[in-house]
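Enquirer: The following file, data_0.tsv, comprises TSV, C-alpha atoms:
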chain	number	residue	atom	x	y	z
A	258	MET	CA	-49.23	3.00	57.50
A	259	GLY	CA	-51.41	3.91	54.55
A	260	LYS	CA	-51.00	2.68	51.01
A	261	VAL	CA	-50.12	4.55	47.84
A	262	ILE	CA	-52.94	4.06	45.36
A	263	VAL	CA	-53.28	5.13	41.77
A	264	ASP	CA	-57.03	5.63	41.51
A	265	ILE	CA	-58.47	6.60	38.16
A	266	SER	CA	-61.33	6.11	35.72
A	267	MET	CA	-60.34	4.59	32.40
A	268	SER	CA	-62.07	3.67	29.16
A	269	LEU	CA	-61.89	0.03	28.09
A	270	ASP	CA	-59.28	1.05	25.54
A	271	GLY	CA	-57.07	2.57	28.20
A	272	PHE	CA	-57.71	6.30	28.01
A	273	VAL	CA	-58.11	8.55	31.05
A	274	THR	CA	-59.15	11.56	29.01
A	275	ALA	CA	-60.74	11.88	25.59
A	276	SER	CA	-58.97	13.90	22.91
A	277	ASN	CA	-58.91	17.68	22.58
A	278	ILE	CA	-58.26	18.67	26.20
A	279	ARG	CA	-58.66	22.41	26.73
A	280	PRO	CA	-59.52	24.75	29.59
A	281	GLU	CA	-63.27	24.44	28.98
A	282	GLU	CA	-63.08	20.64	28.70
A	283	SER	CA	-60.45	19.33	31.06
A	284	MET	CA	-61.41	15.74	30.18
A	285	GLY	CA	-61.45	16.33	26.42
A	286	ASP	CA	-64.45	16.06	24.12
A	287	GLY	CA	-66.95	13.69	25.68
A	288	GLY	CA	-64.42	12.71	28.32
A	289	GLN	CA	-66.80	13.37	31.22
A	290	ARG	CA	-68.25	9.98	30.22
A	291	LEU	CA	-65.51	8.54	32.45
A	292	HIS	CA	-66.95	10.24	35.52
A	293	GLU	CA	-70.62	9.44	34.99
A	294	TRP	CA	-70.39	6.59	37.49
A	295	ALA	CA	-69.20	9.04	40.14
A	296	PHE	CA	-71.43	12.02	39.53
A	297	ASN	CA	-74.43	10.86	37.59
A	298	SER	CA	-75.34	7.37	38.75
A	299	LYS	CA	-78.48	6.18	40.49
A	300	ASP	CA	-76.67	3.06	41.63
A	301	ASP	CA	-75.88	3.38	45.34
A	302	ARG	CA	-72.84	1.15	44.96
A	303	ASN	CA	-71.13	3.81	42.88
A	304	ARG	CA	-71.72	6.39	45.57
A	305	GLU	CA	-70.46	3.96	48.19
A	306	ILE	CA	-67.26	3.36	46.26
A	307	LEU	CA	-66.69	7.06	45.97
A	308	ALA	CA	-67.42	7.55	49.66
A	309	GLN	CA	-65.23	4.63	50.76
A	310	GLY	CA	-62.35	5.88	48.67
A	311	GLY	CA	-62.77	9.30	50.21
A	312	LYS	CA	-62.82	7.99	53.78
A	313	ALA	CA	-59.68	5.91	53.29
A	314	THR	CA	-57.72	8.73	51.70
A	315	GLY	CA	-55.62	11.19	53.68
A	316	ALA	CA	-53.88	13.08	50.90
A	317	ILE	CA	-53.92	13.41	47.14
A	318	ILE	CA	-51.14	13.77	44.60
A	319	ALA	CA	-51.79	15.44	41.27
A	320	GLY	CA	-49.63	16.46	38.36
A	321	ARG	CA	-49.20	20.09	37.44
A	322	ARG	CA	-51.21	19.81	34.22
A	323	THR	CA	-54.08	18.18	36.07
A	324	TYR	CA	-53.95	20.99	38.58
A	325	ASP	CA	-53.88	23.68	35.90
A	326	THR	CA	-56.80	22.27	33.93
A	327	SER	CA	-58.85	21.38	36.99
A	328	VAL	CA	-58.35	24.24	39.46
A	329	PRO	CA	-61.02	26.40	37.74
A	330	TRP	CA	-63.53	23.66	38.63
A	331	TRP	CA	-62.07	22.56	41.92
A	332	GLY	CA	-61.60	25.99	43.46
A	333	ALA	CA	-59.91	26.38	46.84
A	334	ASP	CA	-61.40	23.16	48.28
A	335	GLY	CA	-59.78	20.85	45.72
A	336	PRO	CA	-61.18	17.70	44.14
A	337	THR	CA	-62.77	16.42	47.34
A	338	GLY	CA	-64.87	19.54	47.82
A	339	PRO	CA	-66.03	20.07	51.41
A	340	SER	CA	-63.75	17.27	52.67
A	341	ARG	CA	-60.86	19.51	51.73
A	342	LEU	CA	-58.24	16.78	51.57
A	343	PRO	CA	-54.76	18.19	51.02
A	344	VAL	CA	-53.52	18.05	47.43
A	345	PHE	CA	-49.81	17.87	46.68
A	346	VAL	CA	-48.98	19.05	43.20
A	347	VAL	CA	-45.82	17.76	41.51
A	348	THR	CA	-44.45	20.73	39.61
A	349	HIS	CA	-41.32	22.44	38.39
A	350	THR	CA	-42.44	25.91	39.40
A	351	VAL	CA	-45.00	27.16	41.91
A	352	PRO	CA	-47.88	28.98	40.17
A	353	GLU	CA	-48.07	32.69	40.78
A	354	GLU	CA	-51.71	32.70	41.74
A	355	VAL	CA	-53.32	30.08	43.92
A	356	PRO	CA	-56.88	30.29	45.31
A	357	GLU	CA	-56.81	31.82	48.77
A	358	GLY	CA	-57.10	29.42	51.69
A	359	SER	CA	-56.72	26.50	49.31
A	360	VAL	CA	-55.79	22.86	49.93
A	361	TYR	CA	-52.89	22.88	47.46
A	362	SER	CA	-49.20	22.47	48.20
A	363	PHE	CA	-46.63	22.64	45.42
A	364	VAL	CA	-43.59	20.42	45.56
A	365	THR	CA	-40.76	21.21	43.21
A	366	ASP	CA	-38.16	18.58	44.04
A	367	GLY	CA	-39.61	15.46	42.49
A	368	ILE	CA	-42.10	12.67	42.99
A	369	GLU	CA	-40.41	11.02	45.97
A	370	SER	CA	-40.30	14.23	47.92
A	371	THR	CA	-43.93	14.91	47.02
A	372	LEU	CA	-44.85	11.45	48.25
A	373	GLN	CA	-43.04	12.03	51.56
A	374	GLU	CA	-45.02	15.19	52.16
A	375	ALA	CA	-48.27	13.54	51.14
A	376	LYS	CA	-47.59	10.57	53.43
A	377	ALA	CA	-46.86	12.86	56.33
A	378	ALA	CA	-50.14	14.65	55.75
A	379	ALA	CA	-52.10	11.40	55.26
A	380	GLY	CA	-50.98	9.80	58.53
A	381	ASP	CA	-52.47	6.30	58.69
A	382	LYS	CA	-54.63	6.88	55.66
A	383	ASN	CA	-53.86	6.28	52.00
A	384	VAL	CA	-52.20	8.60	49.54
A	385	THR	CA	-54.13	8.67	46.28
A	386	VAL	CA	-52.33	9.48	43.06
A	387	MET	CA	-55.19	10.85	41.01
A	388	GLY	CA	-53.24	11.58	37.85
A	389	GLY	CA	-52.67	12.76	35.25
A	390	ALA	CA	-51.37	9.79	33.41
A	391	GLU	CA	-47.75	10.97	33.38
A	392	ILE	CA	-47.56	11.32	37.14
A	393	ALA	CA	-49.21	7.94	37.63
A	394	GLN	CA	-46.66	6.43	35.22
A	395	GLN	CA	-43.77	8.00	37.09
A	396	TYR	CA	-44.96	6.60	40.42
A	397	ILE	CA	-45.60	3.14	38.96
A	398	ARG	CA	-42.22	3.08	37.23
A	399	ALA	CA	-40.45	4.12	40.42
A	400	GLY	CA	-42.03	1.18	42.26
A	401	LEU	CA	-43.77	3.51	44.69
A	402	VAL	CA	-47.34	2.34	44.06
A	403	ASP	CA	-49.01	-0.33	46.23
A	404	GLU	CA	-52.34	-0.54	44.45
A	405	ILE	CA	-53.92	0.41	41.16
A	406	SER	CA	-57.63	1.08	41.38
A	407	ILE	CA	-59.32	1.22	38.00
A	408	HIS	CA	-62.87	2.30	37.38
A	409	LEU	CA	-63.28	0.70	33.96
A	410	VAL	CA	-65.86	2.53	31.88
A	411	PRO	CA	-67.67	0.80	29.00
A	412	VAL	CA	-66.61	3.01	26.14
A	413	LEU	CA	-63.89	3.03	23.48
A	414	PHE	CA	-62.49	6.54	23.02
A	415	GLY	CA	-60.08	5.66	20.21
A	416	SER	CA	-57.85	8.56	21.22
A	417	GLY	CA	-56.96	10.70	24.20
A	418	THR	CA	-54.49	10.30	27.04
A	419	ARG	CA	-53.41	6.73	27.71
A	420	LEU	CA	-52.93	5.73	31.32
A	421	PHE	CA	-50.44	2.94	30.73
A	422	GLU	CA	-47.58	4.17	28.61
A	423	ASN	CA	-43.86	4.76	29.05
A	424	LEU	CA	-43.61	2.06	31.68
A	425	GLY	CA	-40.55	0.41	30.17
A	426	ASP	CA	-40.24	-3.26	29.22
A	427	GLU	CA	-40.18	-4.88	32.63
A	428	HIS	CA	-43.32	-6.87	33.35
A	429	ILE	CA	-44.94	-5.71	36.57
A	430	GLN	CA	-46.92	-8.46	38.26
A	431	LEU	CA	-50.20	-7.57	39.93
A	432	GLU	CA	-52.70	-9.37	42.12
A	433	ILE	CA	-56.42	-9.03	41.63
A	434	ALA	CA	-58.21	-7.82	44.74
A	435	PRO	CA	-61.26	-10.08	44.96
A	436	LYS	CA	-63.77	-7.33	45.58
A	437	VAL	CA	-64.73	-6.28	42.06
A	438	VAL	CA	-67.92	-4.24	41.89
A	439	VAL	CA	-69.89	-4.34	38.65
A	440	THR	CA	-72.33	-1.53	37.94
A	441	ALA	CA	-73.89	-0.39	34.67
A	442	THR	CA	-71.52	2.57	34.38
A	443	ALA	CA	-68.22	1.12	35.57
A	444	ILE	CA	-66.47	-2.04	36.71
A	445	HIS	CA	-64.52	-1.11	39.82
A	446	GLN	CA	-61.41	-3.23	40.14
A	447	GLN	CA	-58.29	-3.10	42.23
A	448	PHE	CA	-54.88	-4.59	41.65
A	449	ARG	CA	-52.08	-4.92	44.17
A	450	VAL	CA	-48.57	-4.41	42.86
A	451	VAL	CA	-46.40	-7.44	43.64
A	452	LYS	CA	-43.08	-6.15	44.96
B	2	MET	CA	-78.43	-16.01	14.71
B	3	GLY	CA	-75.11	-16.07	16.50
B	4	LYS	CA	-73.12	-13.07	17.61
B	5	VAL	CA	-69.74	-11.80	16.49
B	6	ILE	CA	-67.45	-11.71	19.49
B	7	VAL	CA	-63.92	-10.43	19.88
B	8	ASP	CA	-62.61	-12.72	22.59
B	9	ILE	CA	-59.09	-12.18	23.84
B	10	SER	CA	-56.84	-12.10	26.88
B	11	MET	CA	-55.31	-8.72	27.66
B	12	SER	CA	-52.89	-7.31	30.23
B	13	LEU	CA	-54.20	-4.49	32.41
B	14	ASP	CA	-52.17	-2.11	30.28
B	15	GLY	CA	-53.89	-3.26	27.12
B	16	PHE	CA	-51.44	-5.66	25.50
B	17	VAL	CA	-52.46	-8.95	23.88
B	18	THR	CA	-48.89	-10.09	23.37
B	19	ALA	CA	-45.66	-9.20	25.12
B	20	SER	CA	-42.78	-7.79	23.10
B	21	ASN	CA	-40.37	-9.76	20.93
B	22	ILE	CA	-42.80	-12.06	19.12
B	23	ARG	CA	-40.98	-14.73	17.13
B	24	PRO	CA	-41.69	-18.24	15.88
B	25	GLU	CA	-40.57	-19.87	19.14
B	26	GLU	CA	-42.57	-17.40	21.26
B	27	SER	CA	-45.76	-16.49	19.47
B	28	MET	CA	-46.93	-14.49	22.48
B	29	GLY	CA	-43.61	-12.66	22.94
B	30	ASP	CA	-41.28	-12.89	25.92
B	31	GLY	CA	-43.34	-13.90	28.95
B	32	GLY	CA	-46.55	-13.39	27.00
B	33	GLN	CA	-47.90	-16.82	27.91
B	34	ARG	CA	-48.76	-15.14	31.21
B	35	LEU	CA	-51.94	-14.00	29.44
B	36	HIS	CA	-53.08	-17.60	28.95
B	37	GLU	CA	-52.31	-18.93	32.42
B	38	TRP	CA	-55.96	-18.62	33.39
B	39	ALA	CA	-56.90	-20.87	30.48
B	40	PHE	CA	-54.22	-23.53	30.65
B	41	ASN	CA	-52.71	-23.45	34.08
B	42	SER	CA	-55.42	-22.64	36.57
B	43	LYS	CA	-56.77	-24.76	39.39
B	44	ASP	CA	-59.89	-22.59	39.54
B	45	ASP	CA	-62.81	-24.48	37.97
B	46	ARG	CA	-64.45	-21.22	36.95
B	47	ASN	CA	-61.64	-20.56	34.49
B	48	ARG	CA	-62.15	-23.97	32.91
B	49	GLU	CA	-65.90	-23.34	32.78
B	50	ILE	CA	-65.43	-20.05	31.00
B	51	LEU	CA	-63.18	-21.68	28.45
B	52	ALA	CA	-65.67	-24.53	28.00
B	53	GLN	CA	-68.70	-22.23	27.74
B	54	GLY	CA	-66.95	-20.07	25.17
B	55	GLY	CA	-66.09	-23.17	23.21
B	56	LYS	CA	-69.65	-24.52	23.28
B	57	ALA	CA	-71.17	-21.24	22.11
B	58	THR	CA	-68.70	-20.82	19.25
B	59	GLY	CA	-69.32	-22.18	15.78
B	60	ALA	CA	-66.42	-20.66	13.87
B	61	ILE	CA	-63.25	-18.70	14.49
B	62	ILE	CA	-61.68	-15.84	12.59
B	63	ALA	CA	-57.93	-15.23	12.83
B	64	GLY	CA	-55.53	-12.88	11.10
B	65	ARG	CA	-52.80	-14.21	8.87
B	66	ARG	CA	-49.99	-13.32	11.26
B	67	THR	CA	-51.76	-15.09	14.10
B	68	TYR	CA	-52.16	-18.11	11.84
B	69	ASP	CA	-48.52	-18.05	10.77
B	70	THR	CA	-47.13	-17.76	14.29
B	71	SER	CA	-49.60	-20.21	15.79
B	72	VAL	CA	-49.99	-23.01	13.26
B	73	PRO	CA	-46.82	-24.77	14.44
B	74	TRP	CA	-48.54	-25.16	17.83
B	75	TRP	CA	-52.10	-25.63	16.66
B	76	GLY	CA	-51.44	-28.21	13.98
B	77	ALA	CA	-54.24	-29.43	11.74
B	78	ASP	CA	-56.90	-29.27	14.47
B	79	GLY	CA	-56.59	-25.53	15.05
B	80	PRO	CA	-56.82	-23.59	18.32
B	81	THR	CA	-59.75	-25.63	19.68
B	82	GLY	CA	-57.85	-28.91	19.42
B	83	PRO	CA	-60.12	-31.96	19.31
B	84	SER	CA	-63.23	-29.77	18.86
B	85	ARG	CA	-61.83	-28.87	15.47
B	86	LEU	CA	-63.87	-25.68	15.03
B	87	PRO	CA	-63.37	-24.19	11.58
B	88	VAL	CA	-60.89	-21.32	11.42
B	89	PHE	CA	-61.23	-18.65	8.76
B	90	VAL	CA	-57.99	-16.81	8.12
B	91	VAL	CA	-58.10	-13.29	6.71
B	92	THR	CA	-55.21	-13.11	4.29
B	93	HIS	CA	-53.94	-11.59	1.08
B	94	THR	CA	-52.50	-14.81	-0.24
B	95	VAL	CA	-53.19	-18.46	0.52
B	96	PRO	CA	-50.16	-20.14	2.09
B	97	GLU	CA	-48.46	-22.75	-0.02
B	98	GLU	CA	-48.38	-25.41	2.64
B	99	VAL	CA	-51.27	-26.10	4.99
B	100	PRO	CA	-51.45	-29.07	7.39
B	101	GLU	CA	-53.31	-31.93	5.77
B	102	GLY	CA	-56.95	-32.39	6.78
B	103	SER	CA	-56.83	-29.11	8.66
B	104	VAL	CA	-59.62	-26.84	9.91
B	105	TYR	CA	-58.29	-23.75	8.11
B	106	SER	CA	-59.92	-21.84	5.27
B	107	PHE	CA	-58.19	-18.83	3.73
B	108	VAL	CA	-60.25	-15.88	2.59
B	109	THR	CA	-58.56	-13.34	0.36
B	110	ASP	CA	-61.30	-10.81	-0.33
B	111	GLY	CA	-61.57	-8.96	2.94
B	112	ILE	CA	-63.00	-9.07	6.43
B	113	GLU	CA	-66.68	-8.89	5.45
B	114	SER	CA	-66.41	-11.81	3.10
B	115	THR	CA	-64.50	-13.75	5.76
B	116	LEU	CA	-67.26	-13.00	8.24
B	117	GLN	CA	-69.92	-14.22	5.80
B	118	GLU	CA	-68.15	-17.52	5.40
B	119	ALA	CA	-67.57	-17.84	9.13
B	120	LYS	CA	-71.24	-17.09	9.86
B	121	ALA	CA	-72.38	-19.67	7.35
B	122	ALA	CA	-70.15	-22.24	9.02
B	123	ALA	CA	-71.21	-21.22	12.54
B	124	GLY	CA	-74.96	-21.53	11.92
B	125	ASP	CA	-76.77	-20.47	15.09
B	126	LYS	CA	-73.57	-20.29	17.08
B	127	ASN	CA	-71.20	-17.38	17.57
B	128	VAL	CA	-68.29	-16.33	15.43
B	129	THR	CA	-65.26	-15.59	17.57
B	130	VAL	CA	-62.66	-13.15	16.33
B	131	MET	CA	-59.62	-14.37	18.22
B	132	GLY	CA	-57.13	-11.84	16.90
B	133	GLY	CA	-54.53	-10.69	16.29
B	134	ALA	CA	-55.09	-7.16	17.37
B	135	GLU	CA	-55.18	-5.74	13.84
B	136	ILE	CA	-57.98	-8.02	12.71
B	137	ALA	CA	-59.96	-7.31	15.87
B	138	GLN	CA	-59.47	-3.57	15.24
B	139	GLN	CA	-60.68	-3.91	11.66
B	140	TYR	CA	-63.84	-5.71	12.73
B	141	ILE	CA	-64.56	-3.24	15.54
B	142	ARG	CA	-63.96	-0.25	13.27
B	143	ALA	CA	-66.27	-1.68	10.62
B	144	GLY	CA	-69.07	-1.97	13.19
B	145	LEU	CA	-69.25	-5.73	12.72
B	146	VAL	CA	-68.65	-6.74	16.34
B	147	ASP	CA	-71.53	-7.42	18.76
B	148	GLU	CA	-69.51	-8.19	21.87
B	149	ILE	CA	-66.02	-7.72	23.24
B	150	SER	CA	-64.99	-10.36	25.73
B	151	ILE	CA	-61.88	-9.45	27.68
B	152	HIS	CA	-59.99	-11.75	29.97
B	153	LEU	CA	-58.14	-9.09	31.93
B	154	VAL	CA	-54.87	-10.40	33.32
B	155	PRO	CA	-53.19	-8.78	36.34
B	156	VAL	CA	-49.91	-7.78	34.79
B	157	LEU	CA	-48.40	-4.70	33.19
B	158	PHE	CA	-46.33	-5.65	30.14
B	159	GLY	CA	-45.18	-2.12	29.33
B	160	SER	CA	-44.76	-3.09	25.68
B	161	GLY	CA	-46.07	-5.55	23.12
B	162	THR	CA	-49.09	-5.55	20.83
B	163	ARG	CA	-51.90	-3.25	21.91
B	164	LEU	CA	-55.43	-4.50	21.38
B	165	PHE	CA	-57.10	-1.12	21.16
B	166	GLU	CA	-55.36	1.05	18.61
B	167	ASN	CA	-56.18	2.59	15.25
B	168	LEU	CA	-59.88	2.75	16.07
B	169	GLY	CA	-60.31	6.36	14.93
B	170	ASP	CA	-61.73	9.20	17.01
B	171	GLU	CA	-65.40	8.19	17.22
B	172	HIS	CA	-66.40	7.10	20.70
B	173	ILE	CA	-67.91	3.64	20.66
B	174	GLN	CA	-70.37	3.11	23.47
B	175	LEU	CA	-70.47	-0.26	25.20
B	176	GLU	CA	-72.68	-1.94	27.77
B	177	ILE	CA	-71.28	-3.99	30.60
B	178	ALA	CA	-72.63	-7.53	30.67
B	179	PRO	CA	-73.44	-8.09	34.35
B	180	LYS	CA	-71.78	-11.47	34.60
B	181	VAL	CA	-68.22	-10.59	35.47
B	182	VAL	CA	-66.19	-13.50	36.83
B	183	VAL	CA	-63.28	-12.70	39.11
B	184	THR	CA	-60.57	-15.30	39.55
B	185	ALA	CA	-56.99	-14.97	40.78
B	186	THR	CA	-55.57	-15.15	37.26
B	187	ALA	CA	-58.08	-13.11	35.24
B	188	ILE	CA	-61.18	-10.95	35.47
B	189	HIS	CA	-63.52	-12.15	32.76
B	190	GLN	CA	-65.68	-9.33	31.48
B	191	GLN	CA	-67.93	-8.84	28.49
B	192	PHE	CA	-69.07	-5.67	26.79
B	193	ARG	CA	-71.88	-5.35	24.26
B	194	VAL	CA	-71.31	-2.84	21.48
B	195	VAL	CA	-74.16	-0.30	21.37
B	196	LYS	CA	-75.18	0.08	17.73
Please rewrite the model in this file as structure tokens.

Expert:
Amino acid sequence: MGKVIVDISMSLDGFVTASNIRPEESMGDGGQRLHEWAFNSKDDRNREILAQGGKATGAIIAGRRTYDTSVPWWGADGPTGPSRLPVFVVTHTVPEEVPEGSVYSFVTDGIESTLQEAKAAAGDKNVTVMGGAEIAQQYIRAGLVDEISIHLVPVLFGSGTRLFENLGDEHIQLEIAPKVVVTATAIHQQFRVVK
Amino acid sequence: MGKVIVDISMSLDGFVTASNIRPEESMGDGGQRLHEWAFNSKDDRNREILAQGGKATGAIIAGRRTYDTSVPWWGADGPTGPSRLPVFVVTHTVPEEVPEGSVYSFVTDGIESTLQEAKAAAGDKNVTVMGGAEIAQQYIRAGLVDEISIHLVPVLFGSGTRLFENLGDEHIQLEIAPKVVVTATAIHQQFRVVK
């Protein structure tokens, strides 16, 4: 049985996008800084982390806003490109136009139902909740997340979209997974949710 | 010449206290969780990090609220106990009662002046800005901080005092110091501010 993992790049001050998100800049002004480790690094360990994450993942969950702002870049293949992992989009309404032959499924009856479909598609592999922040928060709050995987990027954005908000007042205990990987562009760290 | 270091324990969701701070619970309800690595760990590396930080520090800067909530616990010796490092408190007014023979100085003309006094006292050693969050923010925003040292604790508080807030919209670039120490109770990580 695979795990449910929130996997996301975050600035040291807790933002997963910079401010001023718009169709041309889905990560906000300067927000691509958060993905430099993944797309622009000469450090093999960054590529390995990306590749390992990809291999272990069987399905992806994304929020509707993430889908809307990202689909122009992702195209029909989705965020994993040629790997074409299925992407389940949590949404209220199915969009009228979807790229032909695409990897996207739209689930309109809530996060639990979306997770069931994603799990079925993932088989023994993990389901990765890639964001946005609101969807990640909903899954964490519902106690449905097994692991939080943070690629901590050495920058302070000052503003943007915070990952950890609206989680309520309950303290959620985590365990540090010992394998932290430190590169120049990100500290890759994983936390297990204690249930 | 020593460095100016913001050194603080933070939950994964960015809080440096839990909610409901009051005289009996200066860290808020359950907030002492953030200091378990320092005071309640069997892992020698945590003790070493505390000891190393102590040895490299020549003076401490604290905000007035931190002083007010903490002085009942710290007493005359201050947060470093028997080491009795001098503590410079940023404040608008000098408190009427201060423990006799204490390590505290009160500086009423702003953060830069406080830093000057702290640097003079620290000599070749570092000045540590221990918080609270507002004072740390003021020093970061003013460009006066050389390093941010975060003891990242595996818990989500959901609410409390955020470390990184009110920093404006400018992105502040950081560099990851390669020596990250991973223990069960905290990931100790340091970031140099790129100036």

Enquirer: Determine, counting only C-alpha atoms, which protein, DNA and RNA residues have an atom within 7 Å of an atom of B:Leu35; residues of the same chain fewer than 6 positions away are not included. Present the result as a PyMOL selection string.

Expert: chain B and resi 10-12+154

Enquirer: Taking all atoms listed in the file into account, which residues of chain B are within 10 Å of chain A, as a PDB file with C-alpha atoms, in the frame of the given file?

Expert:
ATOM      1  CA  LEU B  13     -54.200  -4.490  32.410  1.00  0.00           C
ATOM      2  CA  ASP B  14     -52.170  -2.110  30.280  1.00  0.00           C
ATOM      3  CA  GLY B  15     -53.890  -3.260  27.120  1.00  0.00           C
ATOM      4  CA  ALA B  19     -45.660  -9.200  25.120  1.00  0.00           C
ATOM      5  CA  SER B  20     -42.780  -7.790  23.100  1.00  0.00           C
ATOM      6  CA  ASP B  30     -41.280 -12.890  25.920  1.00  0.00           C
ATOM      7  CA  GLY B  31     -43.340 -13.900  28.950  1.00  0.00           C
ATOM      8  CA  GLY B  32     -46.550 -13.390  27.000  1.00  0.00           C
ATOM      9  CA  ARG B  34     -48.760 -15.140  31.210  1.00  0.00           C
ATOM     10  CA  ARG B 142     -63.960  -0.250  13.270  1.00  0.00           C
ATOM     11  CA  ILE B 151     -61.880  -9.450  27.680  1.00  0.00           C
ATOM     12  CA  LEU B 153     -58.140  -9.090  31.930  1.00  0.00           C
ATOM     13  CA  VAL B 154     -54.870 -10.400  33.320  1.00  0.00           C
ATOM     14  CA  PRO B 155     -53.190  -8.780  36.340  1.00  0.00           C
ATOM     15  CA  VAL B 156     -49.910  -7.780  34.790  1.00  0.00           C
ATOM     16  CA  LEU B 157     -48.400  -4.700  33.190  1.00  0.00           C
ATOM     17  CA  PHE B 158     -46.330  -5.650  30.140  1.00  0.00           C
ATOM     18  CA  GLY B 159     -45.180  -2.120  29.330  1.00  0.00           C
ATOM     19  CA  SER B 160     -44.760  -3.090  25.680  1.00  0.00           C
ATOM     20  CA  GLY B 161     -46.070  -5.550  23.120  1.00  0.00           C
ATOM     21  CA  ARG B 163     -51.900  -3.250  21.910  1.00  0.00           C
ATOM     22  CA  LEU B 164     -55.430  -4.500  21.380  1.00  0.00           C
ATOM     23  CA  PHE B 165     -57.100  -1.120  21.160  1.00  0.00           C
ATOM     24  CA  GLU B 166     -55.360   1.050  18.610  1.00  0.00           C
ATOM     25  CA  ASN B 167     -56.180   2.590  15.250  1.00  0.00           C
ATOM     26  CA  LEU B 168     -59.880   2.750  16.070  1.00  0.00           C
ATOM     27  CA  GLY B 169     -60.310   6.360  14.930  1.00  0.00           C
ATOM     28  CA  ASP B 170     -61.730   9.200  17.010  1.00  0.00           C
ATOM     29  CA  GLU B 171     -65.400   8.190  17.220  1.00  0.00           C
ATOM     30  CA  HIS B 172     -66.400   7.100  20.700  1.00  0.00           C
ATOM     31  CA  ILE B 173     -67.910   3.640  20.660  1.00  0.00           C
ATOM     32  CA  GLN B 174     -70.370   3.110  23.470  1.00  0.00           C
ATOM     33  CA  LEU B 175     -70.470  -0.260  25.200  1.00  0.00           C
ATOM     34  CA  GLU B 176     -72.680  -1.940  27.770  1.00  0.00           C
ATOM     35  CA  ILE B 177     -71.280  -3.990  30.600  1.00  0.00           C
ATOM     36  CA  ALA B 178     -72.630  -7.530  30.670  1.00  0.00           C
ATOM     37  CA  PRO B 179     -73.440  -8.090  34.350  1.00  0.00           C
ATOM     38  CA  LYS B 180     -71.780 -11.470  34.600  1.00  0.00           C
ATOM     39  CA  VAL B 181     -68.220 -10.590  35.470  1.00  0.00           C
ATOM     40  CA  VAL B 182     -66.190 -13.500  36.830  1.00  0.00           C
ATOM     41  CA  VAL B 183     -63.280 -12.700  39.110  1.00  0.00           C
ATOM     42  CA  THR B 184     -60.570 -15.300  39.550  1.00  0.00           C
ATOM     43  CA  ALA B 185     -56.990 -14.970  40.780  1.00  0.00           C
ATOM     44  CA  THR B 186     -55.570 -15.150  37.260  1.00  0.00           C
ATOM     45  CA  ALA B 187     -58.080 -13.110  35.240  1.00  0.00           C
ATOM     46  CA  ILE B 188     -61.180 -10.950  35.470  1.00  0.00           C
ATOM     47  CA  GLN B 190     -65.680  -9.330  31.480  1.00  0.00           C
ATOM     48  CA  GLN B 191     -67.930  -8.840  28.490  1.00  0.00           C
ATOM     49  CA  PHE B 192     -69.070  -5.670  26.790  1.00  0.00           C
ATOM     50  CA  ARG B 193     -71.880  -5.350  24.260  1.00  0.00           C
ATOM     51  CA  VAL B 194     -71.310  -2.840  21.480  1.00  0.00           C
ATOM     52  CA  VAL B 195     -74.160  -0.300  21.370  1.00  0.00           C
TER      53      VAL B 195
END

Enquirer: List as a list in words the protein and nucleic acid residues near B:Ala52, meaning an atom at most 12 Å away when only C-alpha atoms are counted, but skip any in the same chain fewer than 5 places from it.

Expert: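 Residues meeting the cut-off are Ala39, Phe40, Asp45, Arg46, Asn47, Ala57, Thr58, Thr81 and Ser84 of chain B.
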
Enquirer: Would you output that residue set with C-alpha atoms, as an mmCIF file, in the frame of the given file?

Expert:
data_model
loop_
_atom_site.group_PDB
_atom_site.id
_atom_site.type_symbol
_atom_site.label_atom_id
_atom_site.label_comp_id
_atom_site.auth_asym_id
_atom_site.auth_seq_id
_atom_site.Cartn_x
_atom_site.Cartn_y
_atom_site.Cartn_z
ATOM 1 C CA ALA B 39 -56.900 -20.870 30.480
ATOM 2 C CA PHE B 40 -54.220 -23.530 30.650
ATOM 3 C CA ASP B 45 -62.810 -24.480 37.970
ATOM 4 C CA ARG B 46 -64.450 -21.220 36.950
ATOM 5 C CA ASN B 47 -61.640 -20.560 34.490
ATOM 6 C CA ALA B 57 -71.170 -21.240 22.110
ATOM 7 C CA THR B 58 -68.700 -20.820 19.250
ATOM 8 C CA THR B 81 -59.750 -25.630 19.680
ATOM 9 C CA SER B 84 -63.230 -29.770 18.860
#

Enquirer: What is the distance between atom CA of B:Gly111 and atom CA of B:Phe89, in Å to one decimal?

Expert: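 Straight-line distance from atom CA of B:Gly111 to atom CA of B:Phe89 works out to 11.3 Å.
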
Enquirer: Write out as a list of chain:residue names the residues lying within 8 Å of A:Gly259, counting all atoms listed in the file and excluding same-chain residues fewer than 3 positions away.

Expert: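 Listed by chain and then number, they are A:Lys376, A:Ala379, A:Gly380, A:Asp381, A:Lys382, A:Asn383, A:Val384.
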
Enquirer: From the list A:Arg279, A:Arg304, A:Lys452, A:His408, which residue is nearest A:Ser327 when using only C-alpha atoms?

Expert: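 Result for the nearest residue to A:Ser327: A:Arg279.
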
Enquirer: From the options A:Val360, A:Val346, A:Ala377, A:Ala390, which residue's atoms come nearest to A:Ile265, counting all atoms listed in the file?

Expert: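 Checking each of A:Val360, A:Val346, A:Ala377, A:Ala390 against A:Ile265, counting all atoms listed in the file, the winner is A:Ala390.
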
Enquirer: Calculate how many Å separate atom CA of A:Arg321 from atom CA of A:Phe363, rounding to one decimal.

Expert: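 Calculated distance between atom CA of A:Arg321 and atom CA of A:Phe363 is 8.8 Å.
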